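Participant: query08.csv is reproduced below (CSV, C-alpha atoms and all ligand atoms).
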chain,number,residue,atom,x,y,z
A,240,MET,CA,6.8,-15.9,-28.6
A,241,THR,CA,8.7,-13.6,-26.3
A,242,VAL,CA,7.0,-10.7,-24.6
A,243,LEU,CA,8.1,-7.8,-22.4
A,244,ARG,CA,7.6,-8.1,-18.7
A,245,ALA,CA,8.1,-5.6,-15.8
A,246,VAL,CA,10.3,-7.7,-13.5
A,247,PRO,CA,11.0,-6.9,-9.9
A,248,LEU,CA,14.7,-6.3,-9.2
A,249,GLY,CA,14.6,-5.3,-5.6
A,250,CYS,CA,12.6,-3.6,-2.9
A,251,GLY,CA,13.0,-1.6,0.3
A,252,HIS,CA,11.1,0.2,3.0
A,253,TYR,CA,11.4,2.7,5.7
A,254,LEU,CA,9.4,3.2,9.0
A,255,PRO,CA,9.7,6.3,11.1
A,256,GLN,CA,11.5,5.7,14.4
A,257,ARG,CA,8.6,6.7,16.7
A,258,VAL,CA,6.6,3.6,17.5
A,259,VAL,CA,3.2,4.2,19.1
A,260,GLU,CA,1.6,1.3,21.0
A,261,ASN,CA,-2.3,1.1,21.2
A,262,SER,CA,-2.1,1.8,24.9
A,263,GLU,CA,-0.9,5.4,24.2
A,264,PHE,CA,-4.3,6.3,22.7
A,265,GLU,CA,-6.0,5.3,26.0
A,266,THR,CA,-4.4,8.3,27.6
A,267,TRP,CA,-6.7,10.8,25.8
A,268,LEU,CA,-9.4,8.7,24.0
A,269,ASP,CA,-12.3,6.5,25.1
A,270,THR,CA,-10.6,3.4,23.5
A,271,SER,CA,-8.6,0.4,24.6
A,272,ASP,CA,-5.7,-1.7,23.4
A,273,SER,CA,-8.1,-4.7,23.4
A,274,TRP,CA,-10.7,-2.9,21.2
A,275,ILE,CA,-8.1,-1.9,18.6
A,276,ARG,CA,-6.6,-5.4,18.5
A,277,GLU,CA,-9.9,-7.3,18.3
A,278,ARG,CA,-11.5,-5.0,15.7
A,279,SER,CA,-8.5,-4.3,13.5
A,280,GLY,CA,-5.5,-6.6,14.4
A,281,ILE,CA,-3.4,-3.4,14.9
A,282,GLU,CA,-1.0,-3.5,17.9
A,283,ARG,CA,1.3,-0.5,17.1
A,284,ARG,CA,2.2,1.9,14.3
A,285,CYS,CA,5.0,4.4,13.5
A,286,PHE,CA,4.5,8.1,13.3
A,287,ALA,CA,6.9,10.5,11.4
A,288,ALA,CA,8.8,13.1,13.4
A,289,GLU,CA,7.5,16.7,13.1
A,290,ASP,CA,10.2,17.6,10.6
A,291,GLU,CA,10.0,14.3,8.7
A,292,LEU,CA,8.0,14.6,5.4
A,293,THR,CA,6.5,12.0,3.1
A,294,SER,CA,9.4,12.6,0.7
A,295,ASP,CA,11.9,11.9,3.5
A,296,LEU,CA,10.3,8.5,4.1
A,297,ALA,CA,10.1,7.8,0.3
A,298,ILE,CA,13.7,8.7,-0.2
A,299,ARG,CA,14.8,6.3,2.5
A,300,ALA,CA,12.7,3.5,1.0
A,301,ALA,CA,13.9,4.3,-2.6
A,302,LYS,CA,17.5,4.2,-1.5
A,303,ALA,CA,17.0,0.8,0.2
A,304,ALA,CA,15.3,-0.5,-2.9
A,305,LEU,CA,18.1,0.7,-5.2
A,306,ALA,CA,20.7,-1.0,-2.9
A,307,ASP,CA,18.6,-4.2,-2.9
A,308,ALA,CA,18.2,-4.2,-6.6
A,309,ASP,CA,21.9,-3.2,-7.1
A,310,VAL,CA,20.8,-0.6,-9.6
A,311,PRO,CA,22.3,2.9,-9.7
A,312,ALA,CA,19.8,5.8,-9.7
A,313,THR,CA,21.2,6.9,-13.1
A,314,GLN,CA,19.5,3.8,-14.6
A,315,ILE,CA,16.0,4.8,-13.3
A,316,ASP,CA,13.9,6.2,-16.2
A,317,ALA,CA,10.8,7.0,-14.1
A,318,ILE,CA,9.6,7.4,-10.5
A,319,ILE,CA,5.9,6.8,-9.9
A,320,LEU,CA,5.0,7.7,-6.3
A,321,ALA,CA,1.6,6.8,-4.8
A,322,THR,CA,0.5,9.1,-2.0
A,323,ALA,CA,-2.5,10.8,-0.6
A,324,THR,CA,-0.3,12.9,1.8
A,325,PRO,CA,2.2,14.8,-0.5
A,326,ASP,CA,4.6,17.2,1.0
A,327,GLU,CA,3.0,20.1,-0.9
A,328,THR,CA,0.0,20.5,-3.1
A,329,PHE,CA,2.5,20.8,-5.9
A,330,PRO,CA,5.1,19.9,-7.2
A,331,SER,CA,4.8,16.2,-6.9
A,332,THR,CA,6.6,14.4,-4.0
A,333,ALA,CA,8.1,12.1,-6.7
A,334,THR,CA,10.2,15.1,-8.0
A,335,LYS,CA,11.6,15.6,-4.5
A,336,VAL,CA,12.7,11.9,-4.5
A,337,GLN,CA,14.2,12.4,-8.0
A,338,VAL,CA,16.5,15.2,-6.9
A,339,ALA,CA,17.5,13.3,-3.7
A,340,LEU,CA,18.4,10.3,-5.8
A,341,ASP,CA,20.6,12.6,-8.0
A,342,MET,CA,18.6,11.4,-11.0
A,343,PRO,CA,18.8,14.3,-13.5
A,344,ASP,CA,17.2,12.5,-16.5
A,345,GLY,CA,13.9,10.7,-16.8
A,346,PHE,CA,10.6,11.8,-15.2
A,347,ALA,CA,8.8,11.6,-11.9
A,348,PHE,CA,5.1,12.0,-10.9
A,349,ASP,CA,2.6,11.2,-8.2
A,350,ILE,CA,-0.4,9.0,-8.4
A,351,HIS,CA,-3.4,9.5,-6.1
A,352,ALA,CA,-5.6,6.5,-5.4
A,353,VAL,CA,-5.3,6.5,-1.6
A,354,CYS,CA,-5.0,3.0,-0.2
A,355,ALA,CA,-5.2,1.5,-3.7
A,356,GLY,CA,-2.4,3.8,-4.8
A,357,PHE,CA,0.4,1.2,-5.0
A,358,ILE,CA,-1.7,-1.1,-7.2
A,359,TYR,CA,-2.5,1.9,-9.5
A,360,ALA,CA,1.2,2.9,-9.6
A,361,LEU,CA,2.4,-0.6,-10.3
A,362,SER,CA,-0.2,-1.0,-13.1
A,363,THR,CA,1.0,2.4,-14.6
A,364,ALA,CA,4.7,1.4,-14.3
A,365,ASN,CA,3.8,-1.9,-16.0
A,366,ALA,CA,2.0,-0.2,-18.8
A,367,MET,CA,4.9,2.2,-19.3
A,368,ILE,CA,7.4,-0.6,-19.5
A,369,LEU,CA,5.3,-2.7,-21.9
A,370,SER,CA,4.8,0.3,-24.2
A,371,GLY,CA,8.5,1.1,-24.2
A,372,GLN,CA,8.2,4.5,-22.5
A,373,ALA,CA,10.5,3.4,-19.7
A,374,ARG,CA,12.9,0.5,-19.1
A,375,THR,CA,13.6,0.8,-15.4
A,376,VAL,CA,10.9,2.2,-13.1
A,377,MET,CA,10.9,2.9,-9.4
A,378,VAL,CA,7.4,2.5,-7.8
A,379,ILE,CA,7.0,4.0,-4.4
A,380,GLY,CA,4.1,4.1,-1.9
A,381,ALA,CA,4.7,6.7,0.8
A,382,GLU,CA,2.4,8.3,3.4
A,383,THR,CA,2.3,10.4,6.5
A,384,PHE,CA,-1.4,9.8,7.4
A,385,SER,CA,-0.6,11.1,10.9
A,386,ARG,CA,-0.8,14.6,9.3
A,387,ILE,CA,-4.5,14.2,8.3
A,388,LEU,CA,-5.9,12.4,11.4
A,389,ASP,CA,-8.5,13.9,13.8
A,390,TRP,CA,-7.0,12.9,17.1
A,391,GLN,CA,-10.4,13.1,18.8
A,392,ASP,CA,-12.0,10.7,16.3
A,393,ARG,CA,-11.4,7.3,17.9
A,394,SER,CA,-13.0,5.5,14.9
A,395,THR,CA,-10.2,6.6,12.6
A,396,CYS,CA,-7.1,7.9,14.4
A,397,VAL,CA,-6.2,4.5,16.0
A,398,LEU,CA,-6.1,2.8,12.6
A,399,PHE,CA,-3.4,4.6,10.5
A,400,GLY,CA,0.4,4.8,10.5
A,401,ASP,CA,3.2,6.3,8.5
A,402,GLY,CA,5.8,4.7,6.3
A,403,ALA,CA,7.1,4.1,2.8
A,404,GLY,CA,8.0,1.1,0.5
A,405,ALA,CA,9.6,1.0,-2.9
A,406,LEU,CA,10.1,-1.5,-5.7
A,407,VAL,CA,12.4,-1.3,-8.7
A,408,LEU,CA,11.0,-2.9,-12.0
A,409,ARG,CA,12.9,-3.5,-15.2
A,410,ALA,CA,11.9,-4.6,-18.7
A,411,GLU,CA,12.9,-8.2,-19.4
A,412,GLU,CA,11.8,-10.7,-21.9
A,413,GLY,CA,9.5,-13.5,-20.9
A,414,GLN,CA,7.8,-16.5,-22.7
A,415,GLY,CA,4.3,-14.9,-22.5
A,416,ASP,CA,2.9,-17.3,-20.0
A,417,GLY,CA,2.2,-17.6,-16.3
A,418,SER,CA,5.7,-18.9,-15.6
A,419,ASP,CA,7.3,-15.6,-16.5
A,420,ARG,CA,8.8,-13.4,-13.8
A,421,GLY,CA,7.3,-9.9,-13.4
A,422,VAL,CA,3.8,-8.4,-13.5
A,423,LEU,CA,1.5,-10.9,-15.2
A,424,ALA,CA,-1.9,-9.0,-14.8
A,425,THR,CA,-3.5,-6.1,-13.1
A,426,ASP,CA,-7.2,-5.1,-12.4
A,427,LEU,CA,-8.2,-1.5,-11.6
A,428,ASN,CA,-11.6,-0.3,-10.5
A,429,SER,CA,-13.2,2.8,-9.0
A,430,ASP,CA,-16.7,4.0,-8.1
A,431,GLY,CA,-17.0,7.7,-7.2
A,432,ARG,CA,-20.6,7.2,-5.9
A,433,TYR,CA,-19.0,5.9,-2.7
A,434,HIS,CA,-17.1,9.2,-1.9
A,435,ASP,CA,-18.8,9.7,1.4
A,436,LEU,CA,-17.7,6.4,2.9
A,437,LEU,CA,-14.0,7.4,3.0
A,438,TYR,CA,-12.7,10.9,2.3
A,439,VAL,CA,-10.7,13.9,3.7
A,440,ASP,CA,-12.8,16.9,4.7
A,441,GLY,CA,-10.5,19.4,3.1
A,442,GLY,CA,-8.3,20.3,0.1
A,443,PRO,CA,-6.8,23.1,-1.9
A,444,SER,CA,-9.9,23.9,-4.0
A,445,SER,CA,-12.6,23.3,-1.2
A,446,THR,CA,-11.4,24.5,2.2
A,447,GLY,CA,-7.8,25.6,1.4
A,448,LYS,CA,-6.7,23.3,4.3
A,449,ALA,CA,-5.5,19.7,4.3
A,450,GLY,CA,-8.5,18.4,6.3
A,451,CYS,CA,-8.9,15.1,8.2
A,452,VAL,CA,-9.8,11.5,7.3
A,453,ARG,CA,-13.5,10.7,7.7
A,454,MET,CA,-14.7,7.1,7.3
A,455,VAL,CA,-17.8,5.0,7.7
A,456,GLY,CA,-15.7,2.0,8.7
A,457,ARG,CA,-18.5,-0.6,8.8
A,458,GLU,CA,-19.5,0.2,5.2
A,459,VAL,CA,-15.9,0.3,3.9
A,460,PHE,CA,-15.4,-3.1,5.6
A,461,ARG,CA,-18.3,-4.6,3.7
A,462,HIS,CA,-17.2,-3.3,0.4
A,463,ALA,CA,-13.6,-4.4,1.1
A,464,VAL,CA,-14.5,-8.0,1.7
A,465,GLU,CA,-16.7,-8.2,-1.4
A,466,LYS,CA,-14.6,-6.3,-3.8
A,467,LEU,CA,-11.1,-7.4,-2.9
A,468,ALA,CA,-11.7,-11.2,-3.5
A,469,ARG,CA,-13.5,-10.4,-6.8
A,470,SER,CA,-10.7,-8.2,-8.0
A,471,GLY,CA,-8.0,-10.7,-7.0
A,472,GLU,CA,-9.8,-13.5,-8.9
A,473,THR,CA,-10.2,-11.2,-11.9
A,474,ALA,CA,-6.5,-10.5,-12.0
A,475,LEU,CA,-5.6,-14.1,-11.6
A,476,ALA,CA,-8.0,-15.1,-14.4
A,477,LYS,CA,-6.4,-12.4,-16.7
A,478,ALA,CA,-3.1,-14.1,-16.0
A,479,GLY,CA,-4.5,-17.5,-16.8
A,480,LEU,CA,-3.9,-18.6,-13.2
A,481,THR,CA,-5.9,-19.6,-10.1
A,482,THR,CA,-5.5,-19.3,-6.4
A,483,ALA,CA,-4.0,-22.8,-6.4
A,484,ASP,CA,-1.0,-21.3,-8.2
A,485,LEU,CA,-0.4,-18.6,-5.6
A,486,SER,CA,2.6,-18.6,-3.3
A,487,TRP,CA,1.5,-15.5,-1.4
A,488,LEU,CA,-1.4,-13.1,-1.0
A,489,VAL,CA,0.1,-9.7,-0.1
A,490,PRO,CA,-3.0,-7.7,0.8
A,491,HIS,CA,-3.4,-4.0,1.7
A,492,GLN,CA,-2.9,-3.9,5.5
A,493,ALA,CA,-6.0,-2.1,6.8
A,494,ASN,CA,-7.7,-4.7,9.1
A,495,LEU,CA,-6.8,-8.3,10.0
A,496,ARG,CA,-10.4,-9.2,9.8
A,497,ILE,CA,-10.7,-8.0,6.2
A,498,ILE,CA,-7.5,-9.8,5.3
A,499,ARG,CA,-8.8,-13.1,6.9
A,500,LYS,CA,-12.3,-12.8,5.3
A,501,THR,CA,-10.7,-12.1,1.8
A,502,ALA,CA,-8.3,-15.0,2.1
A,503,GLU,CA,-11.3,-17.2,3.2
A,504,ARG,CA,-13.4,-16.2,0.2
A,505,MET,CA,-10.5,-17.0,-2.1
A,506,GLY,CA,-9.9,-20.4,-0.4
A,507,LEU,CA,-6.4,-19.4,0.8
A,508,ASP,CA,-5.0,-20.5,4.1
A,509,MET,CA,-3.6,-17.7,6.3
A,510,SER,CA,-0.2,-19.4,6.2
A,511,ARG,CA,0.0,-18.1,2.6
A,512,VAL,CA,-0.9,-14.5,3.6
A,513,ILE,CA,1.7,-11.8,4.4
A,514,VAL,CA,0.5,-9.8,7.4
A,515,THR,CA,2.2,-6.7,8.8
A,516,VAL,CA,-0.9,-4.7,9.9
A,517,HIS,CA,-0.2,-5.6,13.6
A,518,ASP,CA,3.1,-3.6,13.4
A,519,HIS,CA,2.4,-1.0,10.8
A,520,GLY,CA,-1.3,-0.1,11.1
A,521,ASN,CA,-2.9,1.1,7.9
A,522,THR,CA,-0.2,3.0,5.9
A,523,SER,CA,-2.4,3.5,2.9
A,524,ALA,CA,-0.4,3.4,-0.4
A,525,ALA,CA,2.7,2.3,1.5
A,526,SER,CA,1.2,-0.8,3.0
A,527,ILE,CA,1.8,-3.3,0.2
A,528,PRO,CA,5.3,-2.3,-0.8
A,529,MET,CA,6.3,-2.3,2.9
A,530,ALA,CA,4.8,-5.8,3.3
A,531,LEU,CA,6.7,-7.0,0.2
A,532,SER,CA,9.9,-5.6,1.6
A,533,VAL,CA,9.4,-7.0,5.1
A,534,ALA,CA,8.6,-10.5,3.7
A,535,ALA,CA,11.4,-10.5,1.2
A,536,ARG,CA,13.9,-9.6,3.9
A,537,GLN,CA,12.6,-12.4,6.0
A,538,ASN,CA,13.2,-14.7,3.0
A,539,ARG,CA,9.6,-15.6,3.0
A,540,ILE,CA,9.0,-14.2,-0.5
A,541,ARG,CA,11.6,-15.8,-2.8
A,542,PRO,CA,12.5,-15.5,-6.5
A,543,GLY,CA,9.9,-17.4,-8.6
A,544,ASP,CA,7.1,-17.0,-6.0
A,545,LEU,CA,3.7,-16.0,-7.4
A,546,LEU,CA,2.1,-13.1,-5.6
A,547,LEU,CA,-1.4,-11.6,-5.6
A,548,MET,CA,-1.6,-8.1,-4.2
A,549,GLU,CA,-4.9,-6.3,-3.6
A,550,ALA,CA,-6.1,-3.1,-2.1
A,551,ILE,CA,-9.1,-0.8,-1.6
A,552,GLY,CA,-9.3,2.8,-0.5
A,553,GLY,CA,-11.1,6.2,-0.7
A,554,GLY,CA,-13.0,6.8,-3.9
A,555,LEU,CA,-13.8,4.1,-3.7
A,556,THR,CA,-10.8,2.8,-5.6
A,557,TRP,CA,-9.7,-0.8,-5.6
A,558,GLY,CA,-7.7,-3.3,-7.6
A,559,ALA,CA,-5.3,-6.2,-7.7
A,560,ALA,CA,-2.0,-7.3,-9.4
A,561,VAL,CA,-0.5,-10.6,-10.0
A,562,MET,CA,3.3,-10.7,-10.1
A,563,ARG,CA,5.9,-13.4,-10.1
A,564,TRP,CA,8.9,-12.4,-7.9
A,601,LIG,O1,-7.6,1.5,4.0
A,601,LIG,C1,-8.8,1.9,3.5
A,601,LIG,C2,-9.8,1.0,3.8
A,601,LIG,N1,-10.2,1.1,5.2
A,601,LIG,C3,-10.6,0.0,5.8
A,601,LIG,O2,-10.5,-1.1,5.2
A,601,LIG,C4,-11.2,0.1,7.1
A,601,LIG,C5,-12.5,-0.7,7.1
A,601,LIG,N2,-13.2,-0.7,8.3
A,601,LIG,C6,-12.7,-1.3,9.5
A,601,LIG,O3,-11.5,-1.7,9.5
A,601,LIG,C7,-13.6,-1.4,10.6
A,601,LIG,O4,-14.9,-1.1,10.3
A,601,LIG,C8,-13.2,-0.6,11.9
A,601,LIG,C9,-11.9,-1.2,12.5
A,601,LIG,C10,-13.0,0.8,11.4
A,601,LIG,C11,-14.3,-0.6,12.9
A,601,LIG,O5,-14.7,-2.0,13.2
A,601,LIG,P1,-16.2,-2.4,13.3
A,601,LIG,O6,-16.2,-3.8,13.8
A,601,LIG,O7,-16.7,-2.2,11.9
A,601,LIG,O8,-16.8,-1.4,14.4
A,601,LIG,P2,-17.9,-0.3,14.2
A,601,LIG,O9,-17.5,0.8,13.3
A,601,LIG,O10,-19.2,-1.0,13.8
A,601,LIG,O11,-18.1,0.2,15.7
A,601,LIG,C12,-18.5,-0.6,16.7
A,601,LIG,C13,-18.5,0.2,18.0
A,601,LIG,C14,-19.2,1.5,17.9
A,601,LIG,O12,-19.9,1.7,19.1
A,601,LIG,P3,-21.5,1.5,19.1
A,601,LIG,O13,-22.1,2.4,18.0
A,601,LIG,O14,-21.7,0.0,18.7
A,601,LIG,O15,-21.9,1.8,20.5
A,601,LIG,C15,-18.1,2.5,17.8
A,601,LIG,O16,-18.5,3.8,18.3
A,601,LIG,O17,-17.2,0.5,18.4
A,601,LIG,C16,-17.1,1.9,18.7
A,601,LIG,N3,-15.7,2.3,18.4
A,601,LIG,C17,-14.7,2.2,19.2
A,601,LIG,N4,-14.6,1.8,20.5
A,601,LIG,C18,-13.4,1.8,21.1
A,601,LIG,C19,-15.2,2.9,17.2
A,601,LIG,N5,-13.9,3.1,17.3
A,601,LIG,C20,-13.6,2.8,18.6
A,601,LIG,C21,-12.3,2.8,19.3
A,601,LIG,N6,-12.3,2.3,20.5
A,601,LIG,N7,-11.2,3.2,18.7
The structure given in the file should be rewritten as structure tokens.
Ligand code: UT7
Facilitator:
Amino acid sequence: MTVLRAVPLGCGHYLPQRVVENSEFETWLDTSDSWIRERSGIERRCFAAEDELTSDLAIRAAKAALADADVPATQIDAIILATATPDETFPSTATKVQVALDMPDGFAFDIHAVCAGFIYALSTANAMILSGQARTVMVIGAETFSRILDWQDRSTCVLFGDGAGALVLRAEEGQGDGSDRGVLATDLNSDGRYHDLLYVDGGPSSTGKAGCVRMVGREVFRHAVEKLARSGETALAKAGLTTADLSWLVPHQANLRIIRKTAERMGLDMSRVIVTVHDHGNTSAASIPMALSVAARQNRIRPGDLLLMEAIGGGLTWGAAVMRW
């Protein structure tokens, strides 16, 4: 029996030009390059220029993805953009990408699940493709976390970076088993009781200001290690697959220690894990699509490879997706 699948056609990413090494933080904070490297694996990150908005990063990534997919923007039915740092409270950043791509038809909207945003957006795109609401969908993760950091809070400001990644998906027929290309399963979760572990202390209806990131890092770490492996295994089971079938784990890039522990729990060797956190820092919703794009350009991820993606973020929100490239 044939089934519809949301199949990846191409991807792209964009990093702002300003690269900030760990040592730069030593000039005004009680921190060190060695602490940041040892505790997070981060060595550098990129920060957007003052006049560079989340939409600017998203547009660059989207254009790179269209070129990689060899698909004209006129064929895109929907843009789903995951971000916690939109240009404006409204309208959506996705509609700004839509106009920049010169895409007059179709629809565009943002999804807000912070660091898990790309998994939520991918799952939504998959559902829209499977239900026939859209045939070709652009999924974007784009963030300018540098705009919501407290530069005096050493426990958060050294961890995040800016960037954007994009993926073009199109409906294609598959056999209905794990050998199909495309999204094979997704697993989404949230638990609002953990709000205080990771949040921004502002917003339109509370303070009227954007606010800054606040995080109880140690607690988020504990939840991440426990929840990511479980969600990854759930998604694999839904697809009728196991970790032995995986070509690559493409995790959210928040902390190398979390990535290592999650891989260990799943019985995966680090040689099968895509890691970009050392160069990008934590770019929230942008981290997985940027990692996909970097690895695809390096010819590490190849057509037919089985990927497991997983992420956790504020909410808490977390989830995983299994996709054959
Ligand atoms: O993307 C969303 C999900 N977010 C995450 O996954 C982040 C999860 N958490 C983490 O990645 C880690 O918890 C951190 C990297 C944030 C922190 O690592 P940790 O090993 O959990 O350290 P900690 O928070 O327990 O702090 C250890 C010490 C503390 O000092 P005391 O209380 O032991 O004296 C901190 O004050 O390190 C101190 N510290 C720092 N020292 C130097 C915290 N930040 C810094 C810093 N430089 N930047």
Participant: Could you tell me which of A:Gln391, A:Thr322, A:Thr425, A:Thr556 comes closest to A:Leu361 if we count only C-alpha atoms?
Facilitator: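 Using only C-alpha atoms, the shortest distance to A:Leu361 belongs to A:Thr425.
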Participant: If we count all atoms listed in the file, what is near A:Leu296 at a cut-off of 6 Å, once residues fewer than 3 positions away on the same chain are taken out, given as a ChimeraX atom specification?
Facilitator: /A:293,299,403
Participant: Those residues you just picked out, can you put them in a file as a compact mmCIF listing (two decimals), in the frame of the given file with C-alpha atoms?
Facilitator:
# COMPACT_ATOMS: atom_id res chain seq x y z
CA THR A 293 6.50 12.00 3.10
CA ARG A 299 14.80 6.30 2.50
CA ALA A 403 7.10 4.10 2.80
Participant: Need to verify the contact set: stretch 284-292 of chain A, 7 Å, all atoms listed in the file, exclusion of same-chain residues closer than 3 positions in sequence. Can you return it as a ChimeraX atom specification?
Facilitator: /A:254-260,295-296,326,383,385,400-401,518-520
Participant: What is the atom CA of A:Leu437 to atom CA of A:Asn521 distance in Å?
Facilitator: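 Answer for the atom CA of A:Leu437 to atom CA of A:Asn521 separation: 13.7 Å.
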Participant: What residues have any atom no more than 9 Å from ligand LIG 601 (chain A) when counting all atoms listed in the file, and can you list them as a PyMOL selection string?
Facilitator: chain A and resi 264-265+268-275+277-280+353-355+392-399+437+454-464+491-497+521-524+550-553
Participant: Provide the atom CA of A:Gly415 to atom CA of A:Ile358 distance in Å, to one decimal place.
Facilitator: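 Spanning atom CA of A:Gly415 to atom CA of A:Ile358 is a straight-line distance of 21.5 Å.
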Participant: One decimal, Å: what's the distance from atom CA of A:Ala301 over to atom CA of A:Ala405, could you say?
Facilitator: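 Those two atoms sit 5.4 Å apart.
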Participant: Name the residues in contact with stretch 439-445 of chain A at a cut-off of 9 Å, using all atoms listed in the file, excluding same-chain residues fewer than 4 positions from it; report them as an NGL selection string.
Facilitator: :A and (328 or 387 or 449-454 or 553)
Participant: Can you tell me, as a list in words, what residues are no more than 10 Å from A:Val378 when counting all atoms listed in the file, ignoring any on the same chain fewer than 3 positions away?
Facilitator: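 The filter keeps Cys250, Ala301, Ala304, Ala317, Ile318, Ile319, Leu320, Ala321, Ala333, Asp349, Phe357, Ile358, Ala360, Leu361, Ser362, Thr363, Ala364, Asn365, Thr375, Ala381, Gly404, Ala405, Leu406, Val407, Leu408 and Pro528 of chain A.
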Participant: Take the residues from that selection and write them out as a short mmCIF file (atom, residue, chain, number, x, y, z; two decimals), in the frame of the given file, keeping C-alpha atoms.
Facilitator:
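Saved the output as again_13.cif:
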data_model
loop_
_atom_site.label_atom_id
_atom_site.label_comp_id
_atom_site.auth_asym_id
_atom_site.auth_seq_id
_atom_site.Cartn_x
_atom_site.Cartn_y
_atom_site.Cartn_z
CA CYS A 250 12.60 -3.60 -2.90
CA ALA A 301 13.90 4.30 -2.60
CA ALA A 304 15.30 -0.50 -2.90
CA ALA A 317 10.80 7.00 -14.10
CA ILE A 318 9.60 7.40 -10.50
CA ILE A 319 5.90 6.80 -9.90
CA LEU A 320 5.00 7.70 -6.30
CA ALA A 321 1.60 6.80 -4.80
CA ALA A 333 8.10 12.10 -6.70
CA ASP A 349 2.60 11.20 -8.20
CA PHE A 357 0.40 1.20 -5.00
CA ILE A 358 -1.70 -1.10 -7.20
CA ALA A 360 1.20 2.90 -9.60
CA LEU A 361 2.40 -0.60 -10.30
CA SER A 362 -0.20 -1.00 -13.10
CA THR A 363 1.00 2.40 -14.60
CA ALA A 364 4.70 1.40 -14.30
CA ASN A 365 3.80 -1.90 -16.00
CA THR A 375 13.60 0.80 -15.40
CA ALA A 381 4.70 6.70 0.80
CA GLY A 404 8.00 1.10 0.50
CA ALA A 405 9.60 1.00 -2.90
CA LEU A 406 10.10 -1.50 -5.70
CA VAL A 407 12.40 -1.30 -8.70
CA LEU A 408 11.00 -2.90 -12.00
CA PRO A 528 5.30 -2.30 -0.80
#
Participant: Tell me which protein, DNA and RNA residues are within 9 Å of stretch 500-513 of chain A, counting all atoms listed in the file, leaving out same-chain ones fewer than 2 positions away, and put them as a list in words.
Facilitator: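 Surrounding residues, per the criterion: Ala463, Val464, Glu465, Lys466, Leu467, Ala468, Arg469, Gly471, Glu472, Thr482, Ala483, Leu485, Ser486, Trp487, Leu488, Val489, Pro490, Leu495, Arg496, Ile497, Ile498, Thr515, Ala530, Leu531, Ala534 and Arg539 of chain A.
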Participant: Of the candidates A:Ala297, A:Leu305, A:Ala560, A:Ile315, which shows the shortest atom-to-atom distance to A:Leu248, using all atoms listed in the file?
Facilitator: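 When distances to A:Leu248 are compared using all atoms listed in the file, the smallest one comes from A:Leu305.
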Participant: Residues proximal to (10.0, -8.9, -14.2) were defined as those with any atom within 10 Å of that point in the file's coordinates, counting all atoms listed in the file. Which are they, as a compact mmCIF listing (two decimals) with C-alpha atoms, in the frame of the given file?
Facilitator:
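As a result, result09.txt now contains:
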# COMPACT_ATOMS: atom_id res chain seq x y z
CA LEU A 243 8.10 -7.80 -22.40
CA ARG A 244 7.60 -8.10 -18.70
CA ALA A 245 8.10 -5.60 -15.80
CA VAL A 246 10.30 -7.70 -13.50
CA PRO A 247 11.00 -6.90 -9.90
CA LEU A 248 14.70 -6.30 -9.20
CA ASN A 365 3.80 -1.90 -16.00
CA VAL A 407 12.40 -1.30 -8.70
CA LEU A 408 11.00 -2.90 -12.00
CA ARG A 409 12.90 -3.50 -15.20
CA ALA A 410 11.90 -4.60 -18.70
CA GLU A 411 12.90 -8.20 -19.40
CA GLU A 412 11.80 -10.70 -21.90
CA GLY A 413 9.50 -13.50 -20.90
CA ASP A 419 7.30 -15.60 -16.50
CA ARG A 420 8.80 -13.40 -13.80
CA GLY A 421 7.30 -9.90 -13.40
CA VAL A 422 3.80 -8.40 -13.50
CA LEU A 423 1.50 -10.90 -15.20
CA MET A 562 3.30 -10.70 -10.10
CA ARG A 563 5.90 -13.40 -10.10
CA TRP A 564 8.90 -12.40 -7.90
Participant: Can you work out which one of A:Gly447, A:Val516, A:Gly543, A:Trp557 has the shortest atom-to-atom distance to A:Arg276, counting only C-alpha atoms?
Facilitator: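 Once distances to A:Arg276 are computed over only C-alpha atoms, the minimum belongs to A:Val516.
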Participant: From the set A:Phe346, A:Thr473, A:Asp341, A:Tyr438, which residue has the shortest atom-to-atom contact distance to A:Met367, counting all atoms listed in the file?
Facilitator: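 Under the stated criterion, the closest residue is A:Phe346.
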Participant: Pick the closest to A:Leu436 from A:Gly249, A:Gly380, A:Gly356, A:Gly554: which is it, counting only C-alpha atoms?
Facilitator: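 Looking at the shortest contact to A:Leu436, the residue is A:Gly554.
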Participant: Around (-7.1, -14.2, -15.7) in the file's own coordinates, what residues are found within 10 Å if you use all atoms listed in the file, given back as a list in words?
Facilitator: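 Checked against the point, the hits come out as Gly417, Leu423, Ala424, Thr425, Asp426, Gly471, Glu472, Thr473, Ala474, Leu475, Ala476, Lys477, Ala478, Gly479, Leu480, Thr481 and Val561 of chain A.
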Participant: Using the structure just given, write a file holding C-alpha atoms for stretch 505-519 of chain A, as a JSON list (two decimals), in the first residue's frame.
Facilitator:
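File produced: selection.json:
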[["chain", "number", "residue", "atom", "x", "y", "z"],
["A", 505, "MET", "CA", 20.59, 5.29, 23.49],
["A", 506, "GLY", "CA", 23.65, 3.08, 22.92],
["A", 507, "LEU", "CA", 24.93, 5.29, 20.10],
["A", 508, "ASP", "CA", 28.60, 5.91, 19.48],
["A", 509, "MET", "CA", 29.55, 9.60, 19.17],
["A", 510, "SER", "CA", 30.86, 8.87, 15.67],
["A", 511, "ARG", "CA", 27.18, 8.69, 14.66],
["A", 512, "VAL", "CA", 26.23, 12.04, 16.22],
["A", 513, "ILE", "CA", 26.26, 15.39, 14.37],
["A", 514, "VAL", "CA", 27.83, 18.04, 16.61],
["A", 515, "THR", "CA", 27.93, 21.78, 15.84],
["A", 516, "VAL", "CA", 27.54, 23.19, 19.36],
["A", 517, "HIS", "CA", 31.26, 24.09, 19.54],
["A", 518, "ASP", "CA", 30.87, 26.52, 16.62],
["A", 519, "HIS", "CA", 27.25, 27.68, 16.99]]
